[in-house]
Structure formats: C-alpha cells, structure tokens
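Heads up: the structure comes next, in structure tokens.
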Amino acid sequence: MPDINIAIVGVGNCASSLVQGLKYYKDNKKEVIGLIHENLGGYKLSDIKAVVGFDVDKRKVSTKQKTIDISEAIFAAPNNSRKISDVPNLNASVYMGPKLDGVPEHMLKHPKDKTFDPSDEEAVDVVEKLKEHKAEVMINYLPVGSQKATEFYADCAIKAGCAFINCMPTLIACEESWQKRFEEAGLPVLGDDIKSQLGATYTHRALIQAFLDRGVKIISTTQGNYAGNTDLLNLSDKQRNVSKIVTKKSSIKSLIPYELEGQFYAGPGDPEKQYGYVDGKGDEKTAPIKIHGIGFGGVRVDVDATLTVDDSPNSAGVIIDLVRCAKLAMDRKIAGVIESPSSFFFKCPPVKLKDLEAKKRTEEFIEGNRER
Ligand SMILES: NC(=O)c1ccc[n+]([C@@H]2O[C@H](COP(=O)([O-])OP(=O)(O)OC[C@H]3O[C@@H](n4cnc5c(N)ncnc54)[C@H](O)[C@@H]3O)[C@@H](O)[C@H]2O)c1
C-alpha cells in the first residue's frame, strides 16, 4: 500500500508515543499486541510516515541555524511519556508555528522542565510546508483551550489538501461550518477529543452501560483524572479546563437516558477542586471512577474502580487507526465528517452511539460496506 504522510501539530507527549509506537511495531513484528487493528483496510502501521511537525517550544522547533527532526523533538522536555523505542532520523523537520492561544499565561509560571518554553523564532508558512512535505493527514495535538490555533491549523489543512484529525476538545468535527468547509474541499475530518484505547472515558462508559443493561438505576457518578504531564498541568487552570469537562461529561451523559439525581462529574481531579496535576507522577494517569446505583428491591449497587495507565501511548493506540481511516476515506473520495470512526474513537463525535454499535459501524466502514 502507498505511504500515509502525516503532519503533527503539537509535538508533545501524544505525538511522542505515536512516533515511537510506529518504530516499536516495526521492530516487534513477531509479537503484535496492543493494537485494535494490525491491518486496517489493507494499511499496516509501517505505511504511516511522519513527514513534518509544527510546535512553538524552543527545544522542539528548527531555527535558521539548526534543523530539529521529529525524532529529536519527541524526546525534548517537557515531554515525559515513557520511552518505548529509539527513533532514527525521519527526515521530518519540526517548524515554528504561530503561537496564537497555544501557550496560556499560567503555564509560564512553572519550572521550564515541566512546562512549555516558547521560542521567539518567526512562524513559517504552514500551508507551504505541508505542501512541500507532501502531508496528507494532519493530526491536531494542541493543548486544551487552543481555540484560535486549532482553527488556524484546520484552515491550513484545508488549504494544503490534508485530512484533519482533531485530538483535542475544541469543536471542529462537531461544528457545522467546519463540516461544510471540509466537505466542500473534498477532505475528511474526524473528531473531536480523542477517546483513548482503554482510557478513563471508555472504561467509565463500559461500566455505565453495564448498569443500564442490567436495569440498575444510576443515581450519581464521578470520574477523576490525575497525572503529572503538561496536559494535566494546562488543565489545572479552570478556564482552560472548561472544554475538556464538556467533552468528557458529554461522552458519559450521552449514554444515560435520564437526568441524574446526584453528583455527576468527569474531568481533572475531584468535582470540587477540578485539579488533577500531580508533580512527579509523569505521564501515568490514575482515574478513579465511582457509580452509585439502585438495583432490585431498592437496594444499592455501587462501583468504585480505578484505572491506572500511561496516558499518551493509550491515545496513540487509537490514532494509528484514525490515520488509516482518514486515508481510506481519501482513497474512496469521501469528504466531510467520517461518522463511524469518529463515534468509536472520540469523546465528542457528531453522532453519539453506544460503543458496540460504533465499533460495528467502524468495521463496516473499513470493509467498504458503509460510506462513512
Ligand atoms: N491520552 C491522552 O493523552 C489524550 C487523550 C485525549 C485527548 N488528548 C489531548 O491531546 C492533546 C495533546 O496532548 P499531549 O499530552 O500530547 O499534550 P502536550 O502538552 O504534551 O503537547 C502539546 C504540544 O503543543 C505545542 N504547542 C503549543 N502551542 C502550539 C502552537 N500554537 N502551534 C504548535 N504547537 C503548539 C506544545 O509546545 C506541546 O509540544 C491535548 O489537547 C490533550 O488534552 C490527550
């Protein structure tokens, strides 16, 4: 199969796990575990090639004097995702993008090894670089709250003829105006806000579905998220946090056909403080999930579970499928929202489905038996 050339916007922890993962599976052909699809519509992981990156951190972006390759930028501070493989030079430069609202003020108060350190370098012409590197699929990994920056890159994707995968909670795939723009440009768009492979949202939804399927009334439910990466540090500011709580809660609420009488929360930390950054915890995420219900005879049924997982590889396990779904849509000349994979792989998709139905439709899409 032909290569799938990806452009990475935001060379942070998720990008690091994705790029390392591509090499990891290339090196470990005999023991393929941890993938949803080894082969997706004929495309293998080895068909995915990172060709260009954009960032704003001085430790990650190329300057006039020095070129920084994606293979180098992914290991630069403040990235702290687990190292799963060495990555050789990919001949894929990371360029300075426009900062816009990507780096909030509150992030600049922290020690440099824990936070973003913006460069003074002039931004490149992003559309030109996308074309020069023959990028086909853009992955948006910008920090939560980067509304303007996300819109800027979505616009660049359209101008450069790239499909767009929106991994963060700014609404693009769910917004009618963006859906129309991608449709008119003949390009696929998938989003919004990635649902990790077996993350807090997927696990919480599975437990909620069990209560619903077994006739237990849900009274209250909460999901906390704790980690020591820049994603959670960025979310420690309540204003940056808003869109994440919206997409997280909407993913849970969309399953429950009634209003909850008790507490309902899904987001960083606990429902009161909404602060989930734990210094020194690195990229490990802990997500306590509680559900209180009433079952047969009015008797309580409670679940108190904790998910512990490395945050960033967990998201990469889904992106490698999304990249291939985007490419399949391009091969088949299907434009606009690619609904089924969006429903299965994102927290806040335009069409909200139960996970089993979303999986079934995604398989049908992959096999070519469903248009989108
Ligand atoms: N499992 C997961 O980790 C997971 C799950 C769901 C969603 N997400 C979302 O994916 C996004 C990426 O997560 P991450 O952990 O990689 O974040 P990160 O903080 O590690 O990386 C963000 C990167 O964006 C860069 N950046 C900031 N402003 C920029 C701009 N204007 N242009 C280009 N680059 C810019 C930063 O320098 C940094 O390298 C976040 O929004 C996160 O909420 C992650």
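Order determines the names: the first chain of the structure tokens is A, the second B, and so forth; residues in each chain are numbered 1 upward, and ligands are numbered 1 upward as they are shown.
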Spatial neighbours of region 145-162 of chain A, max dist 10 Å, only C-alpha atoms, sep filter under 5 positions, as a PyMOL selection string | chain A and resi 5-7+9+54+97-104+125-132+134-140+168-172+178+181-189+234-235+239-244+326-327+330
Cut-off 6 Å, only C-alpha atoms and all ligand atoms, neighbours of ligand 1 as a PyMOL selection string | chain A and resi 9-15+54-57+79+97-100+102-103+116+141-144+149+167-168+193-196+230-231+311-312+314-315
Who sits within 9 Å of region 117-119 of chain A, only C-alpha atoms, same chain under 3 positions skipped, as a ChimeraX atom specification | /A:56-59,61,78,96,99,103,107-108,112-113,122
Same residues, N, CA and C atoms, output as a PDB file, in the first residue's frame:
ATOM      1  N   VAL A  56       5.898  25.209  19.017  1.00  0.00           N
ATOM      2  CA  VAL A  56       6.328  26.578  19.329  1.00  0.00           C
ATOM      3  C   VAL A  56       7.384  26.592  20.439  1.00  0.00           C
ATOM      4  N   ASP A  57       7.741  25.415  20.944  1.00  0.00           N
ATOM      5  CA  ASP A  57       8.676  25.325  22.066  1.00  0.00           C
ATOM      6  C   ASP A  57      10.113  25.384  21.535  1.00  0.00           C
ATOM      7  N   LYS A  58      10.956  26.214  22.166  1.00  0.00           N
ATOM      8  CA  LYS A  58      12.321  26.406  21.640  1.00  0.00           C
ATOM      9  C   LYS A  58      13.160  25.131  21.662  1.00  0.00           C
ATOM     10  N   ARG A  59      12.782  24.134  22.458  1.00  0.00           N
ATOM     11  CA  ARG A  59      13.525  22.876  22.493  1.00  0.00           C
ATOM     12  C   ARG A  59      13.090  21.925  21.379  1.00  0.00           C
ATOM     13  N   VAL A  61      11.603  23.250  18.074  1.00  0.00           N
ATOM     14  CA  VAL A  61      11.457  23.785  16.713  1.00  0.00           C
ATOM     15  C   VAL A  61      12.807  24.099  16.062  1.00  0.00           C
ATOM     16  N   PRO A  78       9.252  19.519  27.683  1.00  0.00           N
ATOM     17  CA  PRO A  78       8.788  18.842  28.890  1.00  0.00           C
ATOM     18  C   PRO A  78       8.144  17.488  28.639  1.00  0.00           C
ATOM     19  N   MET A  96       8.518  26.082  13.401  1.00  0.00           N
ATOM     20  CA  MET A  96       7.842  27.023  14.288  1.00  0.00           C
ATOM     21  C   MET A  96       6.490  27.397  13.677  1.00  0.00           C
ATOM     22  N   LYS A  99       2.029  31.128  17.513  1.00  0.00           N
ATOM     23  CA  LYS A  99       1.675  30.737  18.900  1.00  0.00           C
ATOM     24  C   LYS A  99       0.171  30.865  19.143  1.00  0.00           C
ATOM     25  N   VAL A 103      -0.177  28.742  24.074  1.00  0.00           N
ATOM     26  CA  VAL A 103       0.586  28.742  25.343  1.00  0.00           C
ATOM     27  C   VAL A 103      -0.052  29.739  26.312  1.00  0.00           C
ATOM     28  N   MET A 107       0.825  28.702  32.246  1.00  0.00           N
ATOM     29  CA  MET A 107       1.844  27.668  32.029  1.00  0.00           C
ATOM     30  C   MET A 107       3.252  28.237  32.199  1.00  0.00           C
ATOM     31  N   LEU A 108       3.397  29.554  32.011  1.00  0.00           N
ATOM     32  CA  LEU A 108       4.736  30.156  32.045  1.00  0.00           C
ATOM     33  C   LEU A 108       5.268  30.326  33.468  1.00  0.00           C
ATOM     34  N   LYS A 112      10.834  25.297  33.853  1.00  0.00           N
ATOM     35  CA  LYS A 112      10.912  25.054  32.396  1.00  0.00           C
ATOM     36  C   LYS A 112      10.869  23.567  32.025  1.00  0.00           C
ATOM     37  N   ASP A 113      11.406  22.701  32.904  1.00  0.00           N
ATOM     38  CA  ASP A 113      11.400  21.277  32.539  1.00  0.00           C
ATOM     39  C   ASP A 113      10.009  20.651  32.659  1.00  0.00           C
ATOM     40  N   GLU A 122      10.500  33.180  14.176  1.00  0.00           N
ATOM     41  CA  GLU A 122       9.350  33.600  13.371  1.00  0.00           C
ATOM     42  C   GLU A 122       8.599  32.367  12.850  1.00  0.00           C
TER      43      GLU A 122
END
12 Å contact set for Phe296 (chain A), only C-alpha atoms, chain neighbours under 5 positions out, as a PDB file with N, CA and C atoms, in the first residue's frame:
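Final output, result-v9.pdb:
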ATOM      1  N   PHE A 211     -24.626  -0.950  34.044  1.00  0.00           N
ATOM      2  CA  PHE A 211     -25.741  -0.548  34.922  1.00  0.00           C
ATOM      3  C   PHE A 211     -27.035  -0.447  34.102  1.00  0.00           C
ATOM      4  N   ARG A 214     -28.374  -3.842  32.826  1.00  0.00           N
ATOM      5  CA  ARG A 214     -28.843  -4.752  33.868  1.00  0.00           C
ATOM      6  C   ARG A 214     -29.935  -4.132  34.736  1.00  0.00           C
ATOM      7  N   GLY A 215     -30.508  -3.035  34.282  1.00  0.00           N
ATOM      8  CA  GLY A 215     -31.675  -2.456  34.949  1.00  0.00           C
ATOM      9  C   GLY A 215     -31.389  -1.797  36.288  1.00  0.00           C
ATOM     10  N   VAL A 216     -30.165  -1.359  36.502  1.00  0.00           N
ATOM     11  CA  VAL A 216     -29.838  -0.678  37.757  1.00  0.00           C
ATOM     12  C   VAL A 216     -29.878   0.834  37.508  1.00  0.00           C
ATOM     13  N   LYS A 217     -30.671   1.547  38.304  1.00  0.00           N
ATOM     14  CA  LYS A 217     -30.806   2.998  38.094  1.00  0.00           C
ATOM     15  C   LYS A 217     -29.547   3.716  38.597  1.00  0.00           C
ATOM     16  N   VAL A 301     -26.356  -0.525  44.522  1.00  0.00           N
ATOM     17  CA  VAL A 301     -25.289  -1.194  43.768  1.00  0.00           C
ATOM     18  C   VAL A 301     -24.232  -0.126  43.509  1.00  0.00           C
TER      19      VAL A 301
END
Who sits within 8 Å of Thr63 (chain A), only C-alpha atoms, same chain under 4 positions skipped, as a PyMOL selection string | chain A and resi 67-68+95+121
Could you please take those selected residues and save all heavy atoms as a PDB file, in the first residue's frame?
ATOM      1  N   THR A  67      18.369  22.427  12.286  1.00  0.00           N
ATOM      2  CA  THR A  67      17.127  21.710  11.974  1.00  0.00           C
ATOM      3  C   THR A  67      16.844  20.712  13.093  1.00  0.00           C
ATOM      4  O   THR A  67      17.738  19.975  13.502  1.00  0.00           O
ATOM      5  CB  THR A  67      17.280  20.944  10.639  1.00  0.00           C
ATOM      6  OG1 THR A  67      17.536  21.905   9.629  1.00  0.00           O
ATOM      7  CG2 THR A  67      16.038  20.162  10.301  1.00  0.00           C
ATOM      8  N   ILE A  68      15.625  20.724  13.589  1.00  0.00           N
ATOM      9  CA  ILE A  68      15.255  19.703  14.583  1.00  0.00           C
ATOM     10  C   ILE A  68      14.267  18.751  13.934  1.00  0.00           C
ATOM     11  O   ILE A  68      13.233  19.153  13.390  1.00  0.00           O
ATOM     12  CB  ILE A  68      14.678  20.337  15.866  1.00  0.00           C
ATOM     13  CG1 ILE A  68      15.736  21.242  16.488  1.00  0.00           C
ATOM     14  CG2 ILE A  68      14.213  19.247  16.852  1.00  0.00           C
ATOM     15  CD1 ILE A  68      15.527  21.639  17.908  1.00  0.00           C
ATOM     16  N   TYR A  95       8.781  22.583  12.532  1.00  0.00           N
ATOM     17  CA  TYR A  95       8.852  24.012  12.246  1.00  0.00           C
ATOM     18  C   TYR A  95       8.116  24.820  13.304  1.00  0.00           C
ATOM     19  O   TYR A  95       7.192  24.325  13.953  1.00  0.00           O
ATOM     20  CB  TYR A  95       8.218  24.306  10.883  1.00  0.00           C
ATOM     21  CG  TYR A  95       8.951  23.671   9.722  1.00  0.00           C
ATOM     22  CD1 TYR A  95       8.431  22.544   9.091  1.00  0.00           C
ATOM     23  CD2 TYR A  95      10.156  24.202   9.261  1.00  0.00           C
ATOM     24  CE1 TYR A  95       9.103  21.961   8.017  1.00  0.00           C
ATOM     25  CE2 TYR A  95      10.824  23.623   8.189  1.00  0.00           C
ATOM     26  CZ  TYR A  95      10.290  22.507   7.578  1.00  0.00           C
ATOM     27  OH  TYR A  95      10.961  21.935   6.520  1.00  0.00           O
ATOM     28  N   GLU A 121      11.395  32.486  17.590  1.00  0.00           N
ATOM     29  CA  GLU A 121      11.555  32.267  16.146  1.00  0.00           C
ATOM     30  C   GLU A 121      10.289  32.723  15.397  1.00  0.00           C
ATOM     31  O   GLU A 121       9.176  32.607  15.929  1.00  0.00           O
ATOM     32  CB  GLU A 121      11.776  30.749  15.970  1.00  0.00           C
ATOM     33  CG  GLU A 121      12.383  30.284  14.702  1.00  0.00           C
ATOM     34  CD  GLU A 121      13.817  30.731  14.478  1.00  0.00           C
ATOM     35  OE1 GLU A 121      14.542  31.053  15.439  1.00  0.00           O
ATOM     36  OE2 GLU A 121      14.192  30.769  13.303  1.00  0.00           O
TER      37      GLU A 121
END
